[in-house]
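Student: Input: one structure, supplied below.
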Amino acid sequence: MEKNWSLAVVNRSVLSSISYAFFRHPRKLFKKIENVPVNILLQSLLEWREQVCSELNLELIQDVRSETYFEKQHSNRIDRKNTLLRKSVILALLEMFWFSLNSKSEWLGDYEKLKLNR
């Protein structure tokens with residue numbers, strides 16, 4: 001989606017305590033739905049994407065060229081690196097500990113904040 005928003009619906013855990021503490025991004029959202037067929041995951045993704053786009057007034061990026069995809073992936077790696085360089089190790093270790101006590105099945109980042117402000 002535009003403005004660097006993305007989302008994923010998965011049926012396995014993608015958020016470990018390390019990735020939660022060090023690599024969360026406020027505009028990269030995910031939900032985990034266990035024990036459902038792939039077609040239900042896809043349907044959930046499409047419905048959620050429509051909801052997020054509508055609520056945040058976002059458009060889908062229509063450029064599906066491989067060059068665009070690889071540029072986006074490169075940009076994401078740079079963002080993760082910069083996030084990691086700015087992150088406090090002590091704070092991240094505390095977040096890892098907290099996550100291990102309260103594992104999450106979704107990450108809504110800024111979307112959750114923006115929904116509350118409406």
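Residue numbering restarts at 1 in every chain; chains get A, B, ... in the order shown in the structure tokens, and ligands count up from 1 in that same order.
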Extract the full set of strand (DSSP E or B) residues from chain A according to DSSP on the backbone, and format it as a list of chain:residue names.
Tutor: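 Those in chain A that DSSP calls strand (DSSP E or B) are A:Ser6, A:Leu7, A:Ala8, A:Val9, A:Val10, A:Lys28, A:Leu29, A:Phe30, A:Lys31, A:Lys32, A:Glu106, A:Trp107.
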Student: Those same residues - C-alpha atoms - I'd like them written as a CSV table (one decimal), in the first residue's frame.
Tutor:
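Done, and the output landed in part15.csv:
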```
chain,number,residue,atom,x,y,z
A,6,SER,CA,2.0,-3.2,4.5
A,7,LEU,CA,0.2,-6.0,6.1
A,8,ALA,CA,0.2,-9.8,6.3
A,9,VAL,CA,-2.0,-12.5,7.6
A,10,VAL,CA,-0.2,-15.8,8.5
A,28,LYS,CA,4.1,-3.1,8.9
A,29,LEU,CA,1.1,-4.9,10.4
A,30,PHE,CA,0.4,-8.5,10.8
A,31,LYS,CA,-2.1,-10.9,12.2
A,32,LYS,CA,-1.7,-14.6,13.0
A,106,GLU,CA,-0.9,-9.4,15.9
A,107,TRP,CA,1.0,-6.2,15.6
```
Student: Which of range 72-107 of chain A end up as helix (DSSP H, G or I) when DSSP is run on this backbone - answer as a ChimeraX atom specification?
Tutor: /A:72-86,89-101
Student: Would you write out those residues with N, CA and C atoms, as a PDB file, in the first residue's frame?
Tutor:
```pdb
ATOM      1  N   LYS A  72      11.925  -1.925  -3.210  1.00  0.00           N
ATOM      2  CA  LYS A  72      11.201  -1.867  -1.938  1.00  0.00           C
ATOM      3  C   LYS A  72      11.873  -2.750  -0.889  1.00  0.00           C
ATOM      4  N   GLN A  73      12.296  -3.935  -1.287  1.00  0.00           N
ATOM      5  CA  GLN A  73      12.980  -4.826  -0.355  1.00  0.00           C
ATOM      6  C   GLN A  73      14.297  -4.215   0.126  1.00  0.00           C
ATOM      7  N   HIS A  74      15.017  -3.587  -0.785  1.00  0.00           N
ATOM      8  CA  HIS A  74      16.270  -2.918  -0.419  1.00  0.00           C
ATOM      9  C   HIS A  74      16.000  -1.787   0.577  1.00  0.00           C
ATOM     10  N   SER A  75      14.985  -1.010   0.306  1.00  0.00           N
ATOM     11  CA  SER A  75      14.599   0.079   1.203  1.00  0.00           C
ATOM     12  C   SER A  75      14.200  -0.465   2.583  1.00  0.00           C
ATOM     13  N   ASN A  76      13.484  -1.580   2.601  1.00  0.00           N
ATOM     14  CA  ASN A  76      13.098  -2.194   3.876  1.00  0.00           C
ATOM     15  C   ASN A  76      14.306  -2.651   4.678  1.00  0.00           C
ATOM     16  N   ARG A  77      15.311  -3.212   4.005  1.00  0.00           N
ATOM     17  CA  ARG A  77      16.527  -3.636   4.709  1.00  0.00           C
ATOM     18  C   ARG A  77      17.251  -2.433   5.310  1.00  0.00           C
ATOM     19  N   ILE A  78      17.310  -1.340   4.578  1.00  0.00           N
ATOM     20  CA  ILE A  78      17.940  -0.125   5.097  1.00  0.00           C
ATOM     21  C   ILE A  78      17.160   0.404   6.301  1.00  0.00           C
ATOM     22  N   ASP A  79      15.833   0.391   6.208  1.00  0.00           N
ATOM     23  CA  ASP A  79      15.005   0.824   7.341  1.00  0.00           C
ATOM     24  C   ASP A  79      15.255  -0.035   8.576  1.00  0.00           C
ATOM     25  N   ARG A  80      15.309  -1.373   8.387  1.00  0.00           N
ATOM     26  CA  ARG A  80      15.564  -2.265   9.524  1.00  0.00           C
ATOM     27  C   ARG A  80      16.936  -2.005  10.129  1.00  0.00           C
ATOM     28  N   LYS A  81      17.921  -1.774   9.280  1.00  0.00           N
ATOM     29  CA  LYS A  81      19.267  -1.481   9.775  1.00  0.00           C
ATOM     30  C   LYS A  81      19.262  -0.186  10.591  1.00  0.00           C
ATOM     31  N   ASN A  82      18.628   0.854  10.079  1.00  0.00           N
ATOM     32  CA  ASN A  82      18.576   2.131  10.791  1.00  0.00           C
ATOM     33  C   ASN A  82      17.808   2.010  12.098  1.00  0.00           C
ATOM     34  N   THR A  83      16.732   1.238  12.085  1.00  0.00           N
ATOM     35  CA  THR A  83      15.976   1.005  13.316  1.00  0.00           C
ATOM     36  C   THR A  83      16.848   0.321  14.351  1.00  0.00           C
ATOM     37  N   LEU A  84      17.575  -0.672  13.908  1.00  0.00           N
ATOM     38  CA  LEU A  84      18.459  -1.407  14.813  1.00  0.00           C
ATOM     39  C   LEU A  84      19.546  -0.508  15.384  1.00  0.00           C
ATOM     40  N   LEU A  85      20.112   0.360  14.575  1.00  0.00           N
ATOM     41  CA  LEU A  85      21.175   1.251  15.049  1.00  0.00           C
ATOM     42  C   LEU A  85      20.675   2.265  16.075  1.00  0.00           C
ATOM     43  N   ARG A  86      19.407   2.662  15.972  1.00  0.00           N
ATOM     44  CA  ARG A  86      18.840   3.644  16.905  1.00  0.00           C
ATOM     45  C   ARG A  86      18.277   3.020  18.173  1.00  0.00           C
ATOM     46  N   VAL A  89      19.605  -1.105  23.433  1.00  0.00           N
ATOM     47  CA  VAL A  89      19.726  -2.537  23.689  1.00  0.00           C
ATOM     48  C   VAL A  89      19.025  -2.905  24.995  1.00  0.00           C
ATOM     49  N   ILE A  90      19.159  -2.080  25.989  1.00  0.00           N
ATOM     50  CA  ILE A  90      18.516  -2.375  27.281  1.00  0.00           C
ATOM     51  C   ILE A  90      16.999  -2.381  27.132  1.00  0.00           C
ATOM     52  N   LEU A  91      16.460  -1.374  26.461  1.00  0.00           N
ATOM     53  CA  LEU A  91      15.019  -1.333  26.234  1.00  0.00           C
ATOM     54  C   LEU A  91      14.568  -2.542  25.418  1.00  0.00           C
ATOM     55  N   ALA A  92      15.329  -2.899  24.407  1.00  0.00           N
ATOM     56  CA  ALA A  92      14.977  -4.048  23.572  1.00  0.00           C
ATOM     57  C   ALA A  92      14.998  -5.345  24.381  1.00  0.00           C
ATOM     58  N   LEU A  93      15.952  -5.499  25.269  1.00  0.00           N
ATOM     59  CA  LEU A  93      15.993  -6.699  26.106  1.00  0.00           C
ATOM     60  C   LEU A  93      14.777  -6.771  27.028  1.00  0.00           C
ATOM     61  N   LEU A  94      14.362  -5.625  27.553  1.00  0.00           N
ATOM     62  CA  LEU A  94      13.146  -5.585  28.371  1.00  0.00           C
ATOM     63  C   LEU A  94      11.923  -5.943  27.534  1.00  0.00           C
ATOM     64  N   GLU A  95      11.857  -5.428  26.305  1.00  0.00           N
ATOM     65  CA  GLU A  95      10.745  -5.766  25.421  1.00  0.00           C
ATOM     66  C   GLU A  95      10.742  -7.252  25.079  1.00  0.00           C
ATOM     67  N   MET A  96      11.926  -7.828  24.881  1.00  0.00           N
ATOM     68  CA  MET A  96      12.015  -9.263  24.601  1.00  0.00           C
ATOM     69  C   MET A  96      11.467 -10.063  25.777  1.00  0.00           C
ATOM     70  N   PHE A  97      11.832  -9.670  26.993  1.00  0.00           N
ATOM     71  CA  PHE A  97      11.360 -10.359  28.187  1.00  0.00           C
ATOM     72  C   PHE A  97       9.844 -10.227  28.292  1.00  0.00           C
ATOM     73  N   TRP A  98       9.314  -9.015  28.083  1.00  0.00           N
ATOM     74  CA  TRP A  98       7.879  -8.784  28.159  1.00  0.00           C
ATOM     75  C   TRP A  98       7.139  -9.617  27.101  1.00  0.00           C
ATOM     76  N   PHE A  99       7.687  -9.651  25.904  1.00  0.00           N
ATOM     77  CA  PHE A  99       7.062 -10.428  24.833  1.00  0.00           C
ATOM     78  C   PHE A  99       7.031 -11.913  25.178  1.00  0.00           C
ATOM     79  N   SER A 100       8.108 -12.417  25.777  1.00  0.00           N
ATOM     80  CA  SER A 100       8.147 -13.843  26.123  1.00  0.00           C
ATOM     81  C   SER A 100       7.087 -14.189  27.169  1.00  0.00           C
ATOM     82  N   LEU A 101       6.701 -13.218  27.994  1.00  0.00           N
ATOM     83  CA  LEU A 101       5.643 -13.437  28.983  1.00  0.00           C
ATOM     84  C   LEU A 101       4.254 -13.277  28.373  1.00  0.00           C
TER      85      LEU A 101
END
```
Student: Any idea what's packed within 7 Å of range 50-61 of chain A, counting only C-alpha atoms, ignoring anything in its chain fewer than 2 positions away? Could you give it as a PyMOL selection string?
Tutor: chain A and resi 1-2+46-48+63
Student: Just C-alpha atoms for this one: save the residues we selected as a tab-separated table (two decimals), in the first residue's frame.
Tutor:
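As written to disk, selection-v6.tsv reads:
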```tsv
chain	number	residue	atom	x	y	z
A	1	MET	CA	0.00	0.00	0.00
A	2	GLU	CA	1.08	3.58	-0.36
A	46	LEU	CA	-8.16	-9.11	1.47
A	47	GLU	CA	-10.89	-8.03	3.91
A	48	TRP	CA	-8.37	-6.55	6.35
A	63	ASP	CA	3.23	-1.14	-9.87
```
Student: Can you work out the spacing between CA of Glu34 in chain A and CA of Leu114 in chain A in Å, to one decimal?
Tutor: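 These two atoms are separated by 26.7 Å.
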Student: Could you work out how far CA of His25 in chain A lies from CA of Glu112 in chain A, giving the answer in Å with one decimal?
Tutor: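 Distance reported for this atom pair: 12.7 Å.
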Student: For a test of reading the model, state the distance in Å between CA of Pro37 in chain A and CA of Arg12 in chain A, rounded to one decimal.
Tutor: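 Computing it gives 12.0 Å between the two atoms.
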